[in-house]
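Student: Take a look at protein_23.cif, mmCIF, C-alpha atoms:
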data_entry
#
loop_
_atom_site.label_atom_id
_atom_site.label_comp_id
_atom_site.auth_asym_id
_atom_site.auth_seq_id
_atom_site.Cartn_x
_atom_site.Cartn_y
_atom_site.Cartn_z
CA MET H 1 -2.73 -22.04 31.15
CA LYS H 2 -5.31 -19.32 31.06
CA GLN H 3 -4.25 -16.37 33.17
CA ALA H 4 -5.40 -12.78 33.41
CA ARG H 5 -2.78 -10.47 31.96
CA TRP H 6 -2.95 -7.07 33.61
CA THR H 7 -0.28 -4.44 33.19
CA PHE H 8 -0.19 -1.35 35.36
CA PHE H 9 -1.93 0.56 32.59
CA GLY H 10 -4.58 -2.12 32.28
CA THR H 11 -5.18 -2.16 36.01
CA HIS H 12 -5.71 1.59 36.13
CA ARG H 13 -6.94 2.02 32.59
CA LEU H 14 -10.04 4.09 33.38
CA ALA H 15 -8.15 6.40 35.75
CA VAL H 16 -5.29 6.82 33.26
CA LEU H 17 -7.64 7.63 30.38
CA ALA H 18 -9.54 10.12 32.53
CA LEU H 19 -6.27 11.68 33.66
CA LEU H 20 -5.03 11.97 30.07
CA LEU H 21 -8.31 13.65 29.12
CA LEU H 22 -7.95 16.02 32.05
CA LEU H 23 -4.35 16.82 31.07
CA GLY H 24 -5.46 17.51 27.52
CA VAL H 25 -8.18 19.89 28.68
CA ALA H 26 -5.73 21.55 31.09
CA ALA H 27 -3.17 22.01 28.30
CA VAL H 28 -5.75 23.62 26.01
CA GLN H 29 -6.95 25.82 28.85
CA PHE H 30 -3.38 26.79 29.74
CA VAL H 31 -2.50 27.82 26.18
CA ALA H 32 -5.80 29.67 25.82
CA SER H 33 -5.11 31.48 29.11
CA ILE H 34 -1.66 32.57 27.92
CA LEU H 35 -3.12 33.96 24.69
CA PHE H 36 -6.01 35.56 26.57
CA TYR H 37 -3.85 37.25 29.22
CA ASP H 38 -1.33 38.35 26.61
CA ALA H 39 -4.08 39.99 24.58
CA ILE H 40 -5.46 41.70 27.69
CA ASP H 41 -1.98 42.80 28.68
CA ARG H 42 -1.30 44.34 25.28
CA GLN H 43 -4.65 46.09 25.30
CA THR H 44 -3.99 47.45 28.79
CA ILE H 45 -0.54 48.73 27.80
CA ARG H 46 -1.91 50.40 24.66
CA SER H 47 -4.64 52.09 26.69
CA ASP H 48 -2.08 53.21 29.28
CA HIS H 49 0.19 54.68 26.59
CA ALA H 50 -2.76 56.39 24.91
CA ARG H 51 -3.97 57.98 28.15
CA ARG H 52 -0.48 59.07 29.17
CA VAL H 53 0.31 60.62 25.76
CA ALA H 54 -3.09 62.33 25.51
CA GLU H 55 -2.59 63.97 28.90
CA LEU H 56 0.97 64.93 27.96
CA LEU H 57 -0.06 66.61 24.74
CA VAL H 58 -2.85 68.63 26.36
CA VAL H 59 -0.75 69.66 29.35
CA SER H 60 2.30 70.45 27.20
CA ASP H 61 0.26 72.60 24.81
CA ARG H 62 -1.15 74.70 27.68
CA LEU H 63 2.20 74.89 29.49
CA TYR H 64 3.95 75.97 26.30
CA GLN H 65 1.55 78.88 25.98
CA MET H 66 2.40 80.01 29.54
CA ASP H 67 6.16 79.23 29.70
CA PRO H 68 7.78 77.74 26.58
CA ALA H 69 11.20 77.43 28.23
CA ALA H 70 9.89 75.24 31.07
CA THR H 71 7.78 72.92 28.92
CA VAL H 72 10.38 70.27 28.15
CA LYS H 73 11.81 70.17 31.68
CA THR H 74 8.37 69.92 33.26
CA THR H 75 6.86 67.26 30.97
CA THR H 76 9.85 64.92 30.73
CA THR H 77 9.40 62.00 33.18
CA LEU H 78 10.58 58.46 33.63
CA HIS H 79 7.86 57.25 31.28
CA LEU H 80 7.86 60.13 28.78
CA ARG H 81 10.60 62.18 27.15
CA THR H 82 9.78 65.40 25.27
CA SER H 83 11.50 68.00 23.15
CA VAL H 84 10.52 71.08 21.13
CA THR H 85 11.97 71.56 17.64
CA ASP H 86 11.30 73.64 14.56
CA GLY H 87 10.27 70.56 12.56
CA PRO H 88 8.69 67.24 13.46
CA LEU H 89 11.06 64.44 14.42
CA THR H 90 8.29 62.06 13.33
CA PRO H 91 7.42 63.44 9.89
CA ARG H 92 4.59 60.99 9.18
CA SER H 93 2.39 58.43 10.87
CA GLY H 94 3.35 54.78 10.75
CA HIS H 95 1.00 51.98 9.82
CA ASP H 96 1.83 49.59 12.68
CA ARG H 97 -1.35 48.08 14.14
CA ASP H 98 -0.45 49.01 17.72
CA VAL H 99 0.44 52.57 16.67
CA THR H 100 -2.84 52.99 14.81
CA GLU H 101 -4.81 51.68 17.79
CA ILE H 102 -2.97 53.98 20.23
CA ALA H 103 -3.53 57.01 17.97
CA ARG H 104 -7.25 56.23 17.85
CA GLN H 105 -7.45 55.92 21.64
CA ILE H 106 -5.50 59.20 22.15
CA VAL H 107 -8.16 61.08 20.18
CA GLU H 108 -10.87 59.27 22.15
CA TRP H 109 -9.26 60.40 25.43
CA GLU H 110 -8.86 64.03 24.21
CA PRO H 111 -11.17 64.81 21.25
CA ALA H 112 -9.63 68.31 20.88
CA LEU H 113 -6.42 66.70 19.64
CA GLY H 114 -8.26 65.52 16.56
CA GLN H 115 -7.96 69.07 15.16
CA ARG H 116 -4.17 69.18 15.56
CA LYS H 117 -1.41 67.93 13.29
CA LEU H 118 -0.29 64.68 14.94
CA PHE H 119 2.11 62.04 13.70
CA PHE H 120 2.71 58.70 15.45
CA ASP H 121 5.13 55.90 14.73
CA ALA H 122 6.96 53.00 16.40
CA VAL H 123 10.75 52.67 16.51
CA GLN H 124 12.94 49.78 17.60
CA ARG H 125 14.66 50.22 20.94
CA ASN H 126 17.99 48.88 22.05
CA GLY H 127 17.61 45.41 23.60
CA GLY H 128 14.38 44.66 21.73
CA GLY H 129 10.88 46.01 21.85
CA GLN H 130 9.34 49.15 20.43
CA ASP H 131 8.90 52.74 21.63
CA LEU H 132 6.03 55.00 20.63
CA VAL H 133 7.26 58.28 19.11
CA GLY H 134 5.27 61.22 17.82
CA SER H 135 5.15 64.89 16.96
CA MET H 136 2.40 67.52 17.47
CA GLN H 137 2.46 71.01 15.93
CA LEU H 138 2.16 73.79 18.51
CA ARG H 139 0.27 77.03 17.99
CA ASP H 140 3.41 79.01 17.08
CA GLY H 141 4.37 76.52 14.37
CA LYS H 142 6.98 74.63 16.33
CA TRP H 143 6.70 70.91 17.07
CA LEU H 144 6.44 69.06 20.37
CA ASN H 145 8.15 65.67 20.06
CA PHE H 146 7.66 62.85 22.56
CA ARG H 147 8.81 59.28 23.14
CA SER H 148 6.88 56.72 25.25
CA PRO H 149 9.02 53.62 25.89
CA ASP H 150 8.15 49.97 25.37
CA ILE H 151 4.70 49.65 23.81
CA SER H 152 5.30 46.05 22.69
CA SER H 153 6.00 44.24 25.98
CA GLY H 154 3.03 42.28 27.16
CA TRP H 155 4.70 39.91 29.64
CA PRO H 156 4.62 41.63 33.05
CA VAL H 157 0.89 41.06 33.58
CA ALA H 158 0.60 38.03 31.35
CA PHE H 159 3.47 36.22 33.07
CA ARG H 160 1.99 36.66 36.54
CA ALA H 161 -1.44 35.60 35.33
CA THR H 162 0.07 32.60 33.51
CA MET H 163 1.94 31.45 36.60
CA MET H 164 -1.21 31.71 38.67
CA THR H 165 -3.08 29.70 36.04
CA LEU H 166 -0.33 27.07 35.98
CA ILE H 167 -0.33 26.69 39.77
CA ILE H 168 -4.13 26.43 39.90
CA THR H 169 -4.07 23.88 37.07
CA LEU H 170 -1.47 21.72 38.83
CA ILE H 171 -3.43 21.82 42.08
CA SER H 172 -6.60 20.89 40.18
CA ILE H 173 -4.86 17.96 38.46
CA MET H 174 -3.53 16.65 41.78
CA ALA H 175 -6.98 16.91 43.33
CA ALA H 176 -8.49 15.21 40.28
CA MET H 177 -5.98 12.34 40.57
CA VAL H 178 -7.00 11.77 44.18
CA VAL H 179 -10.70 11.85 43.26
CA LEU H 180 -10.17 9.54 40.26
CA ASP H 181 -8.27 7.08 42.42
CA ARG H 182 -11.15 6.98 44.91
CA LEU H 183 -13.74 6.67 42.13
CA THR H 184 -11.95 3.85 40.33
CA ARG H 185 -10.95 1.93 43.48
CA PRO H 186 -14.23 -0.05 43.50
CA LEU H 187 -13.63 -0.98 39.85
CA ARG H 188 -10.14 -2.27 40.65
CA ARG H 189 -11.50 -4.30 43.55
CA LEU H 190 -14.24 -5.67 41.32
CA ARG H 191 -11.61 -6.64 38.74
CA GLU H 192 -9.61 -8.44 41.45
CA ALA H 193 -12.74 -10.29 42.56
CA ILE H 194 -13.43 -11.31 38.93
CA ASP H 195 -9.85 -12.59 38.56
CA ALA H 196 -10.19 -14.59 41.76
CA PHE H 197 -13.56 -16.00 40.65
CA GLU H 198 -12.00 -16.99 37.32
CA GLN H 199 -9.48 -19.08 39.28
CA GLY H 200 -12.21 -20.74 41.31
CA GLN H 201 -11.93 -18.56 44.42
CA ALA H 202 -15.05 -17.00 45.94
CA VAL H 203 -14.18 -13.37 46.77
CA GLU H 204 -17.01 -10.97 47.49
CA ALA H 205 -16.65 -7.63 45.70
CA GLU H 206 -16.91 -4.59 47.95
CA GLU H 207 -20.13 -2.70 47.27
CA GLY H 208 -18.81 0.87 47.49
CA GLY H 209 -18.38 4.00 45.42
CA PRO H 210 -21.00 5.70 43.22
CA LYS H 211 -24.45 4.17 42.83
CA ASP H 212 -23.73 2.57 39.45
CA LEU H 213 -20.57 0.88 40.76
CA ARG H 214 -22.38 -0.32 43.90
CA GLU H 215 -25.09 -1.87 41.76
CA LEU H 216 -22.49 -3.45 39.49
CA ALA H 217 -20.67 -5.00 42.48
CA ARG H 218 -23.98 -6.18 43.93
CA SER H 219 -24.93 -7.82 40.62
CA PHE H 220 -21.54 -9.52 40.41
CA ASN H 221 -21.83 -10.85 43.96
CA SER H 222 -25.31 -12.22 43.20
CA MET H 223 -24.10 -13.83 39.98
CA GLN H 224 -21.05 -15.29 41.74
CA ALA H 225 -23.23 -16.75 44.49
CA ARG H 226 -25.60 -18.34 41.95
CA ILE H 227 -22.80 -19.82 39.85
CA SER H 228 -20.92 -21.07 42.91
CA GLY H 229 -24.11 -22.62 44.22
CA LEU H 230 -24.79 -24.36 40.92
CA GLN H 231 -21.23 -25.67 40.71
CA SER H 232 -21.31 -26.87 44.30
CA ASP H 233 -24.69 -28.56 43.85
CA GLN H 234 -23.51 -30.21 40.63
CA ALA H 235 -20.29 -31.44 42.22
CA LYS H 236 -22.10 -32.78 45.28
CA SER H 237 -24.68 -34.51 43.08
CA TRP H 238 -21.97 -36.28 41.09
CA GLU H 239 -20.18 -37.19 44.31
CA ALA H 240 -23.39 -38.74 45.65
CA ILE H 241 -23.90 -40.67 42.40
CA SER H 242 -20.31 -41.96 42.42
CA HIS H 243 -20.73 -42.96 46.06
CA ASP H 244 -23.95 -44.84 45.35
CA LEU H 245 -22.34 -46.68 42.43
CA ARG H 246 -19.85 -48.28 44.79
CA THR H 247 -22.52 -50.62 46.21
CA PRO H 248 -23.35 -52.38 42.91
CA LEU H 249 -19.65 -52.43 42.08
CA SER H 250 -18.90 -54.19 45.36
CA ARG H 251 -21.62 -56.72 44.61
CA LEU H 252 -20.15 -57.25 41.15
CA GLN H 253 -16.70 -57.88 42.62
CA MET H 254 -18.15 -60.33 45.16
CA ALA H 255 -20.09 -62.10 42.44
CA SER H 256 -16.92 -62.52 40.36
CA GLY H 257 -15.67 -64.87 43.06
CA PHE H 258 -18.52 -67.28 42.39
CA VAL H 259 -17.91 -67.42 38.64
CA GLU H 260 -16.24 -70.69 37.71
CA GLU H 261 -14.61 -69.51 34.50
CA ASN H 262 -11.34 -67.86 35.55
CA ASP H 263 -11.13 -65.65 32.45
CA ILE H 264 -14.61 -64.28 32.99
CA ALA H 265 -13.88 -63.70 36.67
CA LYS H 266 -10.70 -61.79 35.83
CA ILE H 267 -12.54 -59.61 33.33
CA VAL H 268 -15.29 -58.86 35.82
CA ARG H 269 -12.85 -58.05 38.64
CA SER H 270 -10.65 -55.93 36.34
CA SER H 271 -13.61 -53.95 35.00
CA ALA H 272 -15.04 -53.42 38.46
CA GLY H 273 -11.65 -52.30 39.77
CA GLU H 274 -11.21 -49.90 36.88
CA MET H 275 -14.68 -48.43 37.40
CA GLU H 276 -13.95 -47.97 41.11
CA ALA H 277 -10.65 -46.22 40.33
CA LEU H 278 -12.48 -43.97 37.89
CA LEU H 279 -15.08 -43.13 40.53
CA ASN H 280 -12.30 -42.33 43.01
CA SER H 281 -10.64 -39.97 40.51
CA LEU H 282 -13.97 -38.37 39.63
CA GLN H 283 -14.85 -37.93 43.28
CA SER H 284 -11.50 -36.21 43.97
CA PHE H 285 -11.97 -33.96 40.94
CA LEU H 286 -15.49 -32.97 41.97
CA ARG H 287 -14.46 -32.43 45.57
CA ALA H 288 -11.84 -29.96 44.41
CA GLN H 289 -14.64 -27.67 43.20
CA HIS H 290 -15.94 -26.92 46.69
CA LEU H 291 -13.19 -27.99 49.08
CA THR H 292 -12.54 -25.52 51.90
CA SER H 293 -9.43 -25.30 54.05
CA GLU H 294 -7.64 -23.07 56.55
CA LYS H 295 -3.96 -22.11 56.57
CA GLU H 296 -1.64 -23.98 58.89
CA GLU H 297 2.10 -24.44 59.30
CA VAL H 298 3.43 -27.19 57.03
CA GLU H 299 6.89 -28.73 56.67
CA LEU H 300 7.16 -29.43 52.94
CA ASN H 301 9.78 -32.20 53.10
CA ALA H 302 7.75 -34.26 55.55
CA LEU H 303 4.51 -33.59 53.67
CA ILE H 304 5.96 -34.82 50.35
CA ARG H 305 7.44 -37.97 51.88
CA SER H 306 4.08 -38.77 53.50
CA LEU H 307 2.16 -38.72 50.22
CA PRO H 308 0.80 -42.08 48.91
CA GLY H 309 2.31 -41.30 45.52
CA PHE H 310 5.82 -40.83 46.92
CA ASP H 311 8.17 -43.75 46.17
CA GLU H 312 11.35 -43.61 48.25
CA ALA H 313 13.15 -45.98 45.88
CA HIS H 314 12.53 -43.93 42.74
CA MET H 315 12.15 -40.38 44.04
CA GLU H 316 14.64 -37.95 45.55
CA VAL H 317 13.75 -34.85 47.56
CA GLN H 318 16.19 -31.91 47.37
CA GLY H 319 16.12 -28.59 49.17
CA PRO H 320 16.35 -26.99 52.59
CA ASP H 321 15.29 -29.08 55.53
CA PRO H 322 13.17 -27.96 57.27
CA ALA H 323 11.13 -26.00 54.72
CA ARG H 324 8.31 -24.54 56.79
CA THR H 325 5.53 -22.34 55.46
CA GLU H 326 1.91 -21.46 56.13
CA THR H 327 -0.30 -23.02 53.49
CA TYR H 328 -3.41 -25.14 52.94
CA ARG H 329 -2.39 -28.68 53.88
CA GLU H 330 -5.23 -30.76 52.43
CA PRO H 331 -5.49 -28.96 49.05
CA LEU H 332 -1.69 -29.16 48.69
CA ILE H 333 -1.72 -32.92 49.43
CA LEU H 334 -4.52 -33.53 46.93
CA ALA H 335 -2.66 -31.47 44.31
CA LEU H 336 0.84 -32.96 44.77
CA ASN H 337 -0.14 -36.63 44.99
CA PRO H 338 -1.39 -37.04 41.38
CA LEU H 339 1.65 -35.11 40.13
CA LEU H 340 3.98 -37.55 41.92
CA GLU H 341 2.00 -40.52 40.60
CA ASN H 342 2.28 -39.09 37.09
CA ALA H 343 6.07 -38.75 37.54
CA TRP H 344 6.75 -42.40 38.48
CA GLN H 345 4.19 -43.74 36.00
CA ASN H 346 6.01 -42.05 33.10
CA GLY H 347 9.63 -42.50 34.20
CA ASP H 348 12.00 -44.56 36.30
CA HIS H 349 13.26 -41.73 38.51
CA ALA H 350 11.97 -38.36 39.68
CA THR H 351 13.60 -35.44 41.48
CA ILE H 352 11.53 -33.19 43.73
CA ALA H 353 13.29 -29.88 44.36
CA ILE H 354 12.06 -27.46 47.04
CA THR H 355 13.23 -23.84 46.64
CA ARG H 356 12.24 -20.41 47.83
CA GLN H 357 12.15 -17.60 45.25
CA GLU H 358 11.90 -13.88 45.87
CA GLY H 359 8.39 -12.67 45.10
CA GLU H 360 7.12 -16.21 44.40
CA GLY H 361 7.44 -17.95 47.75
CA TRP H 362 8.02 -21.71 48.00
CA ILE H 363 8.39 -23.58 44.71
CA ILE H 364 8.20 -27.37 44.29
CA THR H 365 9.69 -28.67 41.03
CA ILE H 366 8.99 -32.28 40.00
CA SER H 367 11.31 -33.54 37.25
CA ASP H 368 11.10 -37.03 35.78
CA ASP H 369 13.13 -38.93 33.16
CA GLY H 370 10.11 -39.95 31.09
CA PRO H 371 9.21 -38.99 27.51
CA GLY H 372 7.89 -35.56 28.45
CA LEU H 373 4.95 -33.84 26.78
CA PRO H 374 4.54 -32.14 23.39
CA PRO H 375 4.49 -28.36 24.05
CA ASP H 376 1.04 -28.06 22.49
CA CYS H 377 -0.30 -30.37 25.22
CA PHE H 378 0.76 -28.16 28.14
CA GLU H 379 -2.64 -26.47 28.07
CA LYS H 380 -4.65 -29.50 27.04
CA VAL H 381 -3.60 -31.66 30.01
CA LEU H 382 -5.48 -29.23 32.25
CA ASP H 383 -8.77 -30.31 30.65
CA PRO H 384 -10.62 -33.17 32.39
CA PHE H 385 -10.25 -36.64 30.80
CA PHE H 386 -7.59 -35.50 28.32
CA ARG H 387 -4.99 -38.14 27.48
CA VAL H 388 -1.97 -37.69 25.24
CA ASP H 389 -2.89 -40.90 23.42
CA GLU H 390 -5.98 -39.78 21.53
CA ALA H 391 -7.33 -43.32 21.33
CA ARG H 392 -7.42 -43.30 25.17
CA ALA H 393 -5.61 -46.60 25.28
CA ARG H 394 -5.97 -48.52 28.50
CA ASN H 395 -2.39 -49.71 28.56
CA THR H 396 -1.47 -46.73 30.75
CA PRO H 397 -3.07 -46.05 34.11
CA GLY H 398 -5.07 -42.93 34.96
CA PHE H 399 -8.20 -41.28 33.65
CA GLY H 400 -7.00 -37.74 32.81
CA LEU H 401 -8.34 -36.25 36.05
CA GLY H 402 -5.27 -36.07 38.28
CA ILE H 403 -3.56 -33.02 36.72
CA PRO H 404 -6.85 -31.06 36.23
CA THR H 405 -7.64 -31.74 39.90
CA ALA H 406 -4.20 -30.41 40.95
CA HIS H 407 -4.58 -27.38 38.68
CA ARG H 408 -7.98 -26.40 40.02
CA LEU H 409 -6.99 -26.86 43.64
CA LEU H 410 -3.80 -24.80 43.29
CA GLU H 411 -5.56 -21.95 41.49
CA ARG H 412 -8.45 -21.91 43.94
CA PHE H 413 -6.11 -21.47 46.88
CA GLY H 414 -3.68 -19.02 45.28
CA GLY H 415 -0.98 -21.29 43.85
CA SER H 416 -0.11 -22.16 40.27
CA LEU H 417 0.97 -25.04 38.06
CA ARG H 418 3.35 -24.86 35.05
CA PHE H 419 4.83 -27.42 32.67
CA ALA H 420 8.04 -27.59 30.66
CA ASN H 421 10.22 -30.24 29.08
CA GLY H 422 13.64 -30.78 30.64
CA THR H 423 16.82 -30.04 28.70
CA ASN H 424 17.76 -33.73 28.89
CA GLY H 425 14.23 -34.98 28.36
CA GLY H 426 11.43 -35.70 30.78
CA LEU H 427 8.68 -33.47 32.10
CA VAL H 428 9.29 -30.65 34.56
CA VAL H 429 6.27 -29.65 36.67
CA THR H 430 6.57 -26.40 38.67
CA VAL H 431 4.20 -25.91 41.60
CA ARG H 432 3.96 -22.58 43.38
CA VAL H 433 2.83 -23.41 46.89
CA PRO H 434 -0.33 -21.47 47.89
#
Any chance you could give the structure as structure tokens?
Tutor:
Amino acid sequence: MKQARWTFFGTHRLAVLALLLLLGVAAVQFVASILFYDAIDRQTIRSDHARRVAELLVVSDRLYQMDPAATVKTTTTLHLRTSVTDGPLTPRSGHDRDVTEIARQIVEWEPALGQRKLFFDAVQRNGGGQDLVGSMQLRDGKWLNFRSPDISSGWPVAFRATMMTLIITLISIMAAMVVLDRLTRPLRRLREAIDAFEQGQAVEAEEGGPKDLRELARSFNSMQARISGLQSDQAKSWEAISHDLRTPLSRLQMASGFVEENDIAKIVRSSAGEMEALLNSLQSFLRAQHLTSEKEEVELNALIRSLPGFDEAHMEVQGPDPARTETYREPLILALNPLLENAWQNGDHATIAITRQEGEGWIITISDDGPGLPPDCFEKVLDPFFRVDEARARNTPGFGLGIPTAHRLLERFGGSLRFANGTNGGLVVTVRVP
């Protein structure tokens, strides 16, 4: 049985793909933001250290000239520690990239320091990180030593900026999900309408959303109306033809009564009766293409027992009594009757079980004790005029239209039809009541 197979991902495929693309872009942007803010943070810290040290060196040099004893006490702060010694505590400049960049910026801040003996280096601090240390020769030959803590940490600014970026990104993704859901909703509704049309139901697609989606829905509705019209006209034309053929058939049957040869009369009557049965089956099949019906309350036990194909002597109904539901009475009658006829034609006894399943609704299972069907015929019996005996022998009744009629009616009105072979033989037909 041909059915549309849609998983959750398939149903929302466009929205999911767009969301994955958005997440990918957000991830790249997030990583780039971290690197960007970290670089800015490091540059800011280097500039801050350079400015602070440049000011310290200039102020300390002038203060030392006025009051050497007060220099260290005055210039030592929370962010800078100084000392004066006979020799440099930093005897040479280091080659660390940050140290080199800070030394360059110090000279840019105070060009006069470019004429002094200055050494800069970085040392590891307890607990991780690096401190900037340096020594500058004073005018009397002594050395001013300083230490500026933590030139390597770049997280205070970068962390705050990263968190802000993360929050904004999450808000943007949530907003994008809402927008994507609204944009793809018309596509999902169009897909549902296509599924319904595939099962023979006429469901108009909502013409909403962006212009392209509105035009797509409008085109689908126009196409659906044209195809439905053609199918309806074709079915009605064949119904009219089959109806008109009944008149010459009736004449043929009447004429058989005037034929003296009994064998010829039997052949004529048998052929006419067979042709009329075929026309009845064809008319029912064609009517199923455009039959309309409204929901009404139905008691399933009573409905099954009232069917022409129900044989009290060879069929048993099992299940809750009463079994009431709202369904389409006429389509259900036209679908169940050929299934019951098929059951007693192929077996001596049939069991009709009525059950209610969670998520499925009412289920009618028809089990017979006949030969069953080859599994590869479960799909083929849904095709019009298909018979298991390929030679289409006439020693079995039916024209291969009863099951296709039931299948089309059930699908059109929201039910389903499945086949399986019983564990002890026979065919098991499962009908999900619309």
Student: Pull out every residue that the PyMOL selection byres ((chain H and resi 61-68) around 10) matches in the shown coordinates and put them as a PyMOL selection string.
Tutor: chain H and resi 55-60+69-75+84+136-140+144
Student: Go ahead and write the selection's residues with C-alpha atoms as a PDB file, in the coordinates of the input.
Tutor:
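Saved file part_17.pdb follows:
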ATOM      1  CA  GLU H  55      -2.590  63.970  28.900  1.00  0.00           C
ATOM      2  CA  LEU H  56       0.970  64.930  27.960  1.00  0.00           C
ATOM      3  CA  LEU H  57      -0.060  66.610  24.740  1.00  0.00           C
ATOM      4  CA  VAL H  58      -2.850  68.630  26.360  1.00  0.00           C
ATOM      5  CA  VAL H  59      -0.750  69.660  29.350  1.00  0.00           C
ATOM      6  CA  SER H  60       2.300  70.450  27.200  1.00  0.00           C
ATOM      7  CA  ALA H  69      11.200  77.430  28.230  1.00  0.00           C
ATOM      8  CA  ALA H  70       9.890  75.240  31.070  1.00  0.00           C
ATOM      9  CA  THR H  71       7.780  72.920  28.920  1.00  0.00           C
ATOM     10  CA  VAL H  72      10.380  70.270  28.150  1.00  0.00           C
ATOM     11  CA  LYS H  73      11.810  70.170  31.680  1.00  0.00           C
ATOM     12  CA  THR H  74       8.370  69.920  33.260  1.00  0.00           C
ATOM     13  CA  THR H  75       6.860  67.260  30.970  1.00  0.00           C
ATOM     14  CA  VAL H  84      10.520  71.080  21.130  1.00  0.00           C
ATOM     15  CA  MET H 136       2.400  67.520  17.470  1.00  0.00           C
ATOM     16  CA  GLN H 137       2.460  71.010  15.930  1.00  0.00           C
ATOM     17  CA  LEU H 138       2.160  73.790  18.510  1.00  0.00           C
ATOM     18  CA  ARG H 139       0.270  77.030  17.990  1.00  0.00           C
ATOM     19  CA  ASP H 140       3.410  79.010  17.080  1.00  0.00           C
ATOM     20  CA  LEU H 144       6.440  69.060  20.370  1.00  0.00           C
TER      21      LEU H 144
END
Student: List, as a PyMOL selection string, every residue that the PyMOL selection byres ((chain H and resi 359-375) around 9) selects in the file provided.
Tutor: chain H and resi 300+315+323+325+339-340+343-358+376-379+388+419-422+424-434
Student: Taking the file as shown, find all residues satisfying the PyMOL selection byres ((chain H and resi 94-111) around 9) and write them as a PyMOL selection string.
Tutor: chain H and resi 42+46-47+49-55+58+92-93+112-115+118-122+132+151-152
Student: Quick one: distance from atom CA of Gly134 of chain H to atom CA of Phe146 of chain H in Å, one decimal?
Tutor: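 Separation of atom CA of Gly134 of chain H and atom CA of Phe146 of chain H: 5.6 Å.
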Student: What is the distance, in Å and to one decimal place, between atom CA of Arg189 of chain H and atom CA of Leu23 of chain H?
Tutor: 25.6 Å
Student: For atom CA of His407 of chain H and atom CA of Ile333 of chain H, determine how far apart the two atoms are, in Å to one decimal place.
Tutor: 12.4 Å
Student: Counting only C-alpha atoms, figure out which residue out of H:Pro149, H:Ile173, H:Met163, H:Gly129 gets nearest to Gly24 of chain H.
Tutor: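 For Gly24 of chain H, the nearest of the candidates is H:Ile173.
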Student: For Leu190 of chain H, find every residue with an atom within 9 Å (counting all atoms listed in the file), except residues of its own chain fewer than 5 positions away, and show them as an mmCIF file with C-alpha atoms, keeping the file's coordinate frame.
Tutor:
data_model
loop_
_atom_site.group_PDB
_atom_site.id
_atom_site.type_symbol
_atom_site.label_atom_id
_atom_site.label_comp_id
_atom_site.auth_asym_id
_atom_site.auth_seq_id
_atom_site.Cartn_x
_atom_site.Cartn_y
_atom_site.Cartn_z
ATOM 1 C CA ARG H 185 -10.950 1.930 43.480
ATOM 2 C CA ASP H 195 -9.850 -12.590 38.560
ATOM 3 C CA GLU H 204 -17.010 -10.970 47.490
ATOM 4 C CA ALA H 205 -16.650 -7.630 45.700
ATOM 5 C CA GLU H 206 -16.910 -4.590 47.950
ATOM 6 C CA GLU H 207 -20.130 -2.700 47.270
ATOM 7 C CA LEU H 216 -22.490 -3.450 39.490
ATOM 8 C CA ALA H 217 -20.670 -5.000 42.480
ATOM 9 C CA PHE H 220 -21.540 -9.520 40.410
#
Student: Which residues are close to Ala406 of chain H, i.e. within 10 Å by all atoms listed in the file, leaving aside same-chain residues fewer than 3 positions away? Reply as a list of chain:residue names.
Tutor: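 Non-adjacent residues within range: H:Ser284, H:Phe285, H:Ala288, H:Pro331, H:Leu332, H:Ile333, H:Leu334, H:Ala335, H:Leu336, H:Asn337, H:Pro338, H:Leu339, H:Leu382, H:Leu401, H:Gly402, H:Ile403, H:Leu409, H:Leu410, H:Glu411, H:Arg412, H:Ser416, H:Leu417, H:Val431.
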